[in-house]
file entry.pdb (PDB, C-alpha atoms and all ligand atoms)
MODEL        1
ATOM      1  CA  MET P   1      -2.964  -5.541  -0.878
ATOM      2  CA  HIS P   2      -6.587  -6.662  -0.940
ATOM      3  CA  VAL P   3      -7.454 -10.139   0.245
ATOM      4  CA  ILE P   4     -10.808 -11.924   0.103
ATOM      5  CA  LEU P   5     -11.435 -14.635   2.647
ATOM      6  CA  MET P   6     -14.095 -17.197   1.820
ATOM      7  CA  GLY P   7     -15.497 -20.163   3.673
ATOM      8  CA  ALA P   8     -18.785 -21.740   4.681
ATOM      9  CA  GLN P   9     -20.409 -21.203   8.034
ATOM     10  CA  GLY P  10     -18.396 -23.192  10.570
ATOM     11  CA  SER P  11     -15.193 -23.020   8.492
ATOM     12  CA  GLY P  12     -13.566 -20.660  11.011
ATOM     13  CA  LYS P  13     -13.560 -17.752   8.546
ATOM     14  CA  GLY P  14     -14.596 -15.169  11.171
ATOM     15  CA  THR P  15     -11.929 -16.368  13.609
ATOM     16  CA  GLN P  16      -9.247 -16.269  10.911
ATOM     17  CA  ALA P  17     -10.314 -12.812   9.715
ATOM     18  CA  ALA P  18     -10.062 -11.468  13.272
ATOM     19  CA  LEU P  19      -6.513 -12.894  13.628
ATOM     20  CA  LEU P  20      -5.206 -12.077  10.148
ATOM     21  CA  GLY P  21      -6.336  -8.464  10.055
ATOM     22  CA  PRO P  22      -3.950  -7.270  12.800
ATOM     23  CA  GLU P  23      -1.225  -9.779  11.789
ATOM     24  CA  LEU P  24      -1.015  -8.475   8.193
ATOM     25  CA  LYS P  25      -2.120  -4.891   8.971
ATOM     26  CA  LEU P  26      -5.171  -5.423   6.815
ATOM     27  CA  GLU P  27      -8.406  -3.688   7.682
ATOM     28  CA  ARG P  28     -11.272  -6.145   7.917
ATOM     29  CA  ILE P  29     -14.156  -5.218   5.662
ATOM     30  CA  ALA P  30     -17.307  -7.103   6.611
ATOM     31  CA  THR P  31     -20.545  -5.752   5.171
ATOM     32  CA  GLY P  32     -22.507  -6.171   8.424
ATOM     33  CA  ASP P  33     -19.993  -4.045  10.380
ATOM     34  CA  MET P  34     -19.787  -1.584   7.512
ATOM     35  CA  PHE P  35     -23.577  -1.131   7.435
ATOM     36  CA  ARG P  36     -23.674  -0.552  11.199
ATOM     37  CA  ALA P  37     -20.837   2.018  10.983
ATOM     38  CA  GLU P  38     -22.517   3.824   8.085
ATOM     39  CA  ILE P  39     -25.844   4.020   9.961
ATOM     40  CA  ALA P  40     -24.066   5.253  13.113
ATOM     41  CA  SER P  41     -22.382   8.016  11.073
ATOM     42  CA  ALA P  42     -25.863   9.271  10.001
ATOM     43  CA  SER P  43     -24.531   9.957   6.463
ATOM     44  CA  SER P  44     -27.086  10.157   3.635
ATOM     45  CA  LEU P  45     -26.126   6.579   2.670
ATOM     46  CA  GLY P  46     -26.581   5.573   6.304
ATOM     47  CA  VAL P  47     -30.080   7.046   6.424
ATOM     48  CA  GLU P  48     -31.038   5.247   3.198
ATOM     49  CA  LEU P  49     -29.544   2.015   4.508
ATOM     50  CA  LYS P  50     -31.398   2.204   7.817
ATOM     51  CA  ALA P  51     -34.735   2.645   6.017
ATOM     52  CA  ILE P  52     -34.059  -0.462   3.883
ATOM     53  CA  LEU P  53     -33.001  -2.616   6.831
ATOM     54  CA  ASP P  54     -35.905  -1.358   8.990
ATOM     55  CA  ARG P  55     -38.278  -2.556   6.268
ATOM     56  CA  GLY P  56     -36.532  -5.957   6.402
ATOM     57  CA  ASP P  57     -35.405  -5.656   2.765
ATOM     58  CA  LEU P  58     -32.119  -6.852   1.295
ATOM     59  CA  VAL P  59     -29.574  -4.113   0.685
ATOM     60  CA  PRO P  60     -29.322  -3.645  -3.107
ATOM     61  CA  ASP P  61     -25.935  -4.256  -4.753
ATOM     62  CA  ASP P  62     -25.438  -0.672  -5.939
ATOM     63  CA  LEU P  63     -25.815   0.662  -2.397
ATOM     64  CA  THR P  64     -23.495  -1.997  -0.954
ATOM     65  CA  ASN P  65     -20.971  -1.185  -3.690
ATOM     66  CA  SER P  66     -21.083   2.572  -2.932
ATOM     67  CA  ILE P  67     -20.384   1.887   0.713
ATOM     68  CA  VAL P  68     -17.540  -0.519  -0.110
ATOM     69  CA  ARG P  69     -16.055   2.034  -2.522
ATOM     70  CA  ARG P  70     -16.065   4.780   0.107
ATOM     71  CA  ARG P  71     -14.550   2.451   2.663
ATOM     72  CA  ILE P  72     -11.672   1.432   0.358
ATOM     73  CA  ALA P  73     -11.072   5.024  -0.794
ATOM     74  CA  THR P  74     -10.811   6.158   2.840
ATOM     75  CA  LEU P  75      -8.402   3.330   3.598
ATOM     76  CA  ILE P  76      -6.163   4.251   0.646
ATOM     77  CA  GLU P  77      -6.150   7.902   1.757
ATOM     78  CA  ARG P  78      -5.201   6.922   5.287
ATOM     79  CA  ARG P  79      -2.406   4.697   3.971
ATOM     80  CA  ALA P  80      -1.120   7.603   1.848
ATOM     81  CA  ASP P  81      -1.191   9.782   4.977
ATOM     82  CA  GLY P  82       1.153   7.317   6.669
ATOM     83  CA  ASP P  83      -1.328   5.166   8.635
ATOM     84  CA  ASP P  84       0.020   1.698   9.382
ATOM     85  CA  VAL P  85      -2.450  -0.187   7.185
ATOM     86  CA  THR P  86      -1.461  -2.221   4.116
ATOM     87  CA  GLY P  87      -4.886  -2.924   2.633
ATOM     88  CA  SER P  88      -8.169  -4.688   3.186
ATOM     89  CA  LEU P  89      -9.383  -8.118   4.198
ATOM     90  CA  PHE P  90     -12.862  -8.842   2.859
ATOM     91  CA  ASP P  91     -15.024 -11.100   4.993
ATOM     92  CA  GLY P  92     -18.530 -11.858   3.669
ATOM     93  CA  PHE P  93     -18.164  -9.651   0.598
ATOM     94  CA  PRO P  94     -18.394 -10.169  -2.340
ATOM     95  CA  ARG P  95     -21.221 -12.715  -2.121
ATOM     96  CA  THR P  96     -22.148 -12.915  -5.817
ATOM     97  CA  ASP P  97     -20.176 -12.736  -9.053
ATOM     98  CA  ALA P  98     -21.930  -9.418  -9.821
ATOM     99  CA  GLN P  99     -20.501  -8.006  -6.568
ATOM    100  CA  ALA P 100     -17.090  -9.482  -7.443
ATOM    101  CA  GLN P 101     -17.126  -7.680 -10.796
ATOM    102  CA  ALA P 102     -18.181  -4.457  -9.068
ATOM    103  CA  LEU P 103     -15.314  -4.833  -6.592
ATOM    104  CA  ASP P 104     -12.834  -5.281  -9.456
ATOM    105  CA  THR P 105     -14.170  -2.096 -11.070
ATOM    106  CA  ILE P 106     -13.993  -0.127  -7.808
ATOM    107  CA  LEU P 107     -10.424  -1.246  -7.134
ATOM    108  CA  ALA P 108      -9.319  -0.600 -10.738
ATOM    109  CA  GLU P 109     -10.702   2.956 -10.542
ATOM    110  CA  LEU P 110      -8.652   3.459  -7.400
ATOM    111  CA  GLY P 111      -5.560   2.012  -9.101
ATOM    112  CA  GLU P 112      -5.592  -1.222  -7.098
ATOM    113  CA  ALA P 113      -6.633  -4.870  -7.564
ATOM    114  CA  VAL P 114      -7.619  -7.963  -5.606
ATOM    115  CA  THR P 115      -4.338  -9.583  -4.550
ATOM    116  CA  SER P 116      -5.514 -12.965  -3.385
ATOM    117  CA  VAL P 117      -8.651 -14.997  -2.677
ATOM    118  CA  VAL P 118      -8.389 -17.684  -0.033
ATOM    119  CA  GLU P 119     -11.084 -20.289   0.544
ATOM    120  CA  ILE P 120     -10.986 -22.110   3.854
ATOM    121  CA  ASP P 121     -11.963 -25.615   2.816
ATOM    122  CA  VAL P 122     -13.538 -27.900   5.414
ATOM    123  CA  PRO P 123     -15.195 -31.249   4.614
ATOM    124  CA  ARG P 124     -18.973 -31.137   4.795
ATOM    125  CA  ASP P 125     -19.278 -33.733   7.598
ATOM    126  CA  VAL P 126     -16.810 -31.778   9.759
ATOM    127  CA  LEU P 127     -18.767 -28.544   9.212
ATOM    128  CA  ILE P 128     -22.007 -30.296  10.176
ATOM    129  CA  GLN P 129     -20.353 -31.741  13.279
ATOM    130  CA  ARG P 130     -19.010 -28.314  14.307
ATOM    131  CA  LEU P 131     -22.286 -26.478  13.664
ATOM    132  CA  SER P 132     -24.637 -29.082  15.102
ATOM    133  CA  GLY P 133     -22.872 -28.825  18.480
ATOM    134  CA  ARG P 134     -24.232 -25.301  18.945
ATOM    135  CA  ARG P 135     -26.512 -24.870  21.974
ATOM    136  CA  VAL P 136     -28.332 -21.693  22.942
ATOM    137  CA  CYS P 137     -29.961 -20.445  26.169
ATOM    138  CA  VAL P 138     -33.652 -19.703  25.523
ATOM    139  CA  GLU P 139     -33.626 -17.006  28.259
ATOM    140  CA  CYS P 140     -30.472 -14.905  27.691
ATOM    141  CA  GLY P 141     -29.171 -16.123  24.312
ATOM    142  CA  ALA P 142     -25.808 -17.340  25.699
ATOM    143  CA  VAL P 143     -24.120 -19.690  23.194
ATOM    144  CA  PHE P 144     -22.500 -22.993  24.179
ATOM    145  CA  HIS P 145     -21.040 -25.931  22.263
ATOM    146  CA  ALA P 146     -21.915 -29.524  23.135
ATOM    147  CA  GLU P 147     -18.261 -30.643  22.834
ATOM    148  CA  SER P 148     -15.932 -27.644  23.014
ATOM    149  CA  SER P 149     -17.720 -25.413  25.581
ATOM    150  CA  PRO P 150     -20.690 -27.167  27.201
ATOM    151  CA  PRO P 151     -22.563 -25.557  30.124
ATOM    152  CA  SER P 152     -21.387 -26.823  33.563
ATOM    153  CA  VAL P 153     -24.719 -28.557  34.093
ATOM    154  CA  ASN P 154     -26.162 -30.266  31.010
ATOM    155  CA  GLY P 155     -29.076 -28.236  29.578
ATOM    156  CA  VAL P 156     -28.751 -25.386  32.115
ATOM    157  CA  CYS P 157     -27.320 -21.926  31.319
ATOM    158  CA  ASP P 158     -24.225 -20.956  33.342
ATOM    159  CA  ARG P 159     -25.165 -17.313  33.131
ATOM    160  CA  CYS P 160     -28.884 -17.259  34.021
ATOM    161  CA  SER P 161     -29.906 -20.878  34.772
ATOM    162  CA  GLY P 162     -32.251 -20.769  31.762
ATOM    163  CA  GLU P 163     -32.859 -23.785  29.556
ATOM    164  CA  VAL P 164     -30.113 -24.545  27.002
ATOM    165  CA  ILE P 165     -31.411 -26.082  23.786
ATOM    166  CA  GLN P 166     -30.432 -26.958  20.221
ATOM    167  CA  ARG P 167     -32.352 -24.674  17.850
ATOM    168  CA  ASP P 168     -34.092 -26.274  14.847
ATOM    169  CA  ASP P 169     -31.746 -24.202  12.671
ATOM    170  CA  ASP P 170     -28.767 -26.003  14.181
ATOM    171  CA  LYS P 171     -30.056 -29.534  13.557
ATOM    172  CA  PRO P 172     -28.015 -31.488  10.973
ATOM    173  CA  GLU P 173     -30.696 -31.420   8.222
ATOM    174  CA  ALA P 174     -31.121 -27.618   8.475
ATOM    175  CA  ILE P 175     -27.339 -27.147   8.494
ATOM    176  CA  ALA P 176     -26.949 -29.350   5.416
ATOM    177  CA  ARG P 177     -29.531 -27.158   3.630
ATOM    178  CA  ARG P 178     -27.692 -23.946   4.614
ATOM    179  CA  LEU P 179     -24.370 -25.373   3.438
ATOM    180  CA  ALA P 180     -25.889 -26.466   0.119
ATOM    181  CA  LEU P 181     -27.156 -22.913  -0.364
ATOM    182  CA  TYR P 182     -23.658 -21.585   0.367
ATOM    183  CA  ASP P 183     -22.204 -23.898  -2.316
ATOM    184  CA  GLN P 184     -24.813 -22.817  -4.805
ATOM    185  CA  GLN P 185     -24.206 -19.092  -4.164
ATOM    186  CA  THR P 186     -20.430 -19.165  -4.016
ATOM    187  CA  ALA P 187     -19.663 -21.622  -6.834
ATOM    188  CA  PRO P 188     -19.862 -18.898  -9.548
ATOM    189  CA  LEU P 189     -17.756 -16.601  -7.352
ATOM    190  CA  LEU P 190     -15.058 -19.232  -6.857
ATOM    191  CA  ASP P 191     -15.060 -19.891 -10.620
ATOM    192  CA  TYR P 192     -14.707 -16.161 -11.257
ATOM    193  CA  TYR P 193     -11.564 -15.853  -9.135
ATOM    194  CA  ASP P 194     -10.196 -19.208 -10.239
ATOM    195  CA  ALA P 195     -10.383 -18.026 -13.866
ATOM    196  CA  GLN P 196      -8.257 -15.006 -12.813
ATOM    197  CA  GLY P 197      -5.740 -17.368 -11.194
ATOM    198  CA  LYS P 198      -6.292 -15.724  -7.808
ATOM    199  CA  LEU P 199      -8.027 -18.505  -5.879
ATOM    200  CA  THR P 200      -6.222 -20.760  -3.407
ATOM    201  CA  LYS P 201      -7.883 -23.360  -1.189
ATOM    202  CA  VAL P 202      -6.487 -23.892   2.267
ATOM    203  CA  ASP P 203      -7.220 -27.021   4.315
ATOM    204  CA  GLY P 204      -9.403 -25.739   7.163
ATOM    205  CA  ASP P 205      -9.706 -29.062   8.993
ATOM    206  CA  ARG P 206      -6.695 -28.295  11.207
ATOM    207  CA  SER P 207      -5.873 -26.172  14.262
ATOM    208  CA  ILE P 208      -6.576 -22.422  14.116
ATOM    209  CA  GLU P 209      -2.804 -21.731  14.183
ATOM    210  CA  ALA P 210      -2.021 -24.165  11.349
ATOM    211  CA  VAL P 211      -4.786 -22.720   9.157
ATOM    212  CA  GLN P 212      -3.581 -19.207   9.946
ATOM    213  CA  SER P 213       0.034 -19.934   8.890
ATOM    214  CA  SER P 214      -1.150 -21.507   5.638
ATOM    215  CA  ILE P 215      -3.281 -18.469   4.815
ATOM    216  CA  ILE P 216      -0.410 -16.082   5.586
ATOM    217  CA  ALA P 217       1.937 -18.167   3.388
ATOM    218  CA  VAL P 218      -0.551 -18.046   0.501
ATOM    219  CA  ILE P 219      -1.019 -14.287   0.798
ATOM    220  CA  GLN P 220       2.738 -13.663   0.982
ATOM    221  CA  LEU P 221       3.350 -15.897  -2.007
ATOM    222  CA  ARG P 222       0.775 -13.912  -4.012
ATOM    223  CA  THR P 223       2.181 -10.585  -2.883
ATOM    224  CA  THR P 224       5.899 -11.184  -3.303
ATOM    225  CA  GLY P 225       5.993 -14.213  -5.600
ATOM    226  CA  GLN P 226       8.078 -15.891  -2.889
ATOM    227  CA  GLY P 227       7.100 -18.870  -0.792
ATOM    228  CA  PRO P 228       7.652 -19.060   2.970
ATOM    229  CA  ALA P 229      11.320 -19.328   3.963
TER     230      ALA P 229
HETATM  231 ZN    ZN P 301     -28.993 -17.939  29.926
ENDMDL
END

call {"tool": "encode", "arguments": {"input": "entry.pdb", "output": "C-alpha cells", "more": "lines below"}}
Ligand SMILES: [Zn+2]
result
Amino acid sequence: MHVILMGAQGSGKGTQAALLGPELKLERIATGDMFRAEIASASSLGVELKAILDRGDLVPDDLTNSIVRRRIATLIERRADGDDVTGSLFDGFPRTDAQAQALDTILAELGEAVTSVVEIDVPRDVLIQRLSGRRVCVECGAVFHAESSPPSVNGVCDRCSGEVIQRDDDKPEAIARRLALYDQQTAPLLDYYDAQGKLTKVDGDRSIEAVQSSIIAVIQLRTTGQGPA
C-alpha cells in the first residue's frame, strides 16, 4: 500500500503524516528526511547530493527519483523479510507531475502501485489565519503561535527572553503568495491523480482526530473496497 498525502502549508499535513505512519504501519517518505539519511550514509548518491545542496542548487528529479526508488525497494525487501511495515506514506513527494509519473514507473517496476492520494483541504482564509499566527524568537529561533501557544509574556521568549516577532514571511500577504504558488505547482499533480481516480479530498478544517479518522477511512476504502463499519 502506497499513500500520497497532499496539502498546503498550514493544512496539518506534517502532523497527520506523523500520526498515520505508525497507525497504518506505513513508512513515511519525506524527501528532506530522505536526503539527510542518504548524506549521513555517505553513499555515492549521498556524496553527490551533499555537493548539490552545499552549492544551494535544487536537487534534480533524476537524483531524487533514484533515492526514492532505493528507499521503496528497501522497504519492499524488509516487508518480504517479515518486517511489520505495510507500505509507504509520501509526504512532500511527488511535487510535480513529472515526479508523479516517475513514481508510477518506479512502483510498476517493483510490481506495486500508488493506492491512494489524499489531499487535506483547508479554506484559504483558515490557512492564512493559522500561518499568520506564527511568532519566532530572534535570538534562539523558538516558535510560538499568537493564539494556540503564545509566549507567557507578550513579545518575550520563554526560553531565552529574546524578542519574539512575526517574520515578514509570515505576514498575510507573503503567506497568500506562498499558497498561490502551492496551488499553481500542485494543480497539475492533483489533475494527474484525479484522472486515475485515485484522488480524494478530505475536509481539513476540523480537529486533528476527525481529520485523521477521515483519512484512515479513505485509505481503507481504497485498499479493501469497503467503507468504515
Ligand atoms: Zn528565544

call {"tool": "closest_residue", "arguments": {"input": "entry.pdb", "among": "P:Asp83, P:Arg167, P:Ser149, P:Ile175", "to": "Leu131 of chain P", "atoms": "all atoms listed in the file"}}
result
P:Ile175

call {"tool": "closest_residue", "arguments": {"input": "entry.pdb", "among": "P:Arg55, P:Arg159, P:Arg70, P:His145", "to": "ligand ZN 301 (chain P)", "atoms": "all atoms listed in the file"}}
result
P:Arg159

call {"tool": "resolve_selection", "arguments": {"input": "entry.pdb", "expression": "the PyMOL selection byres (((chain P and resi 36) around 12) and not hetatm)", "output": "list in words"}}
result
Ile29, Ala30, Thr31, Gly32, Asp33, Met34, Phe35, Ala37, Glu38, Ile39, Ala40, Ser41, Ala42, Ser43, Leu45, Gly46, Val47, Leu49, Lys50, Leu53 and Ile67 of chain P

call {"tool": "closest_atom_pairs", "arguments": {"input": "entry.pdb", "of": "chain P", "to": "ligand ZN 301 (chain P)", "cutoff": "9 Å", "atoms": "all atoms listed in the file", "output": "JSON lines"}}
result
{"residue": "P:Val136", "atom": "CA", "partner": "P:ZN301", "partner_atom": "ZN", "distance": 8.0}
{"residue": "P:Cys137", "atom": "CA", "partner": "P:ZN301", "partner_atom": "ZN", "distance": 4.6}
{"residue": "P:Val138", "atom": "CA", "partner": "P:ZN301", "partner_atom": "ZN", "distance": 6.6}
{"residue": "P:Glu139", "atom": "CA", "partner": "P:ZN301", "partner_atom": "ZN", "distance": 5.0}
{"residue": "P:Cys140", "atom": "CA", "partner": "P:ZN301", "partner_atom": "ZN", "distance": 4.0}
{"residue": "P:Gly141", "atom": "CA", "partner": "P:ZN301", "partner_atom": "ZN", "distance": 5.9}
{"residue": "P:Ala142", "atom": "CA", "partner": "P:ZN301", "partner_atom": "ZN", "distance": 5.3}
{"residue": "P:Val143", "atom": "CA", "partner": "P:ZN301", "partner_atom": "ZN", "distance": 8.5}
{"residue": "P:Val156", "atom": "CA", "partner": "P:ZN301", "partner_atom": "ZN", "distance": 7.8}
{"residue": "P:Cys157", "atom": "CA", "partner": "P:ZN301", "partner_atom": "ZN", "distance": 4.5}
{"residue": "P:Asp158", "atom": "CA", "partner": "P:ZN301", "partner_atom": "ZN", "distance": 6.6}
{"residue": "P:Arg159", "atom": "CA", "partner": "P:ZN301", "partner_atom": "ZN", "distance": 5.0}
{"residue": "P:Cys160", "atom": "CA", "partner": "P:ZN301", "partner_atom": "ZN", "distance": 4.2}
{"residue": "P:Ser161", "atom": "CA", "partner": "P:ZN301", "partner_atom": "ZN", "distance": 5.7}
{"residue": "P:Gly162", "atom": "CA", "partner": "P:ZN301", "partner_atom": "ZN", "distance": 4.7}
{"residue": "P:Glu163", "atom": "CA", "partner": "P:ZN301", "partner_atom": "ZN", "distance": 7.0}
{"residue": "P:Val164", "atom": "CA", "partner": "P:ZN301", "partner_atom": "ZN", "distance": 7.3}

call {"tool": "closest_residue", "arguments": {"input": "entry.pdb", "among": "P:Ala98, P:Ile106, P:Leu63, P:Ile219", "to": "Thr186 of chain P", "atoms": "all atoms listed in the file"}}
result
P:Ala98
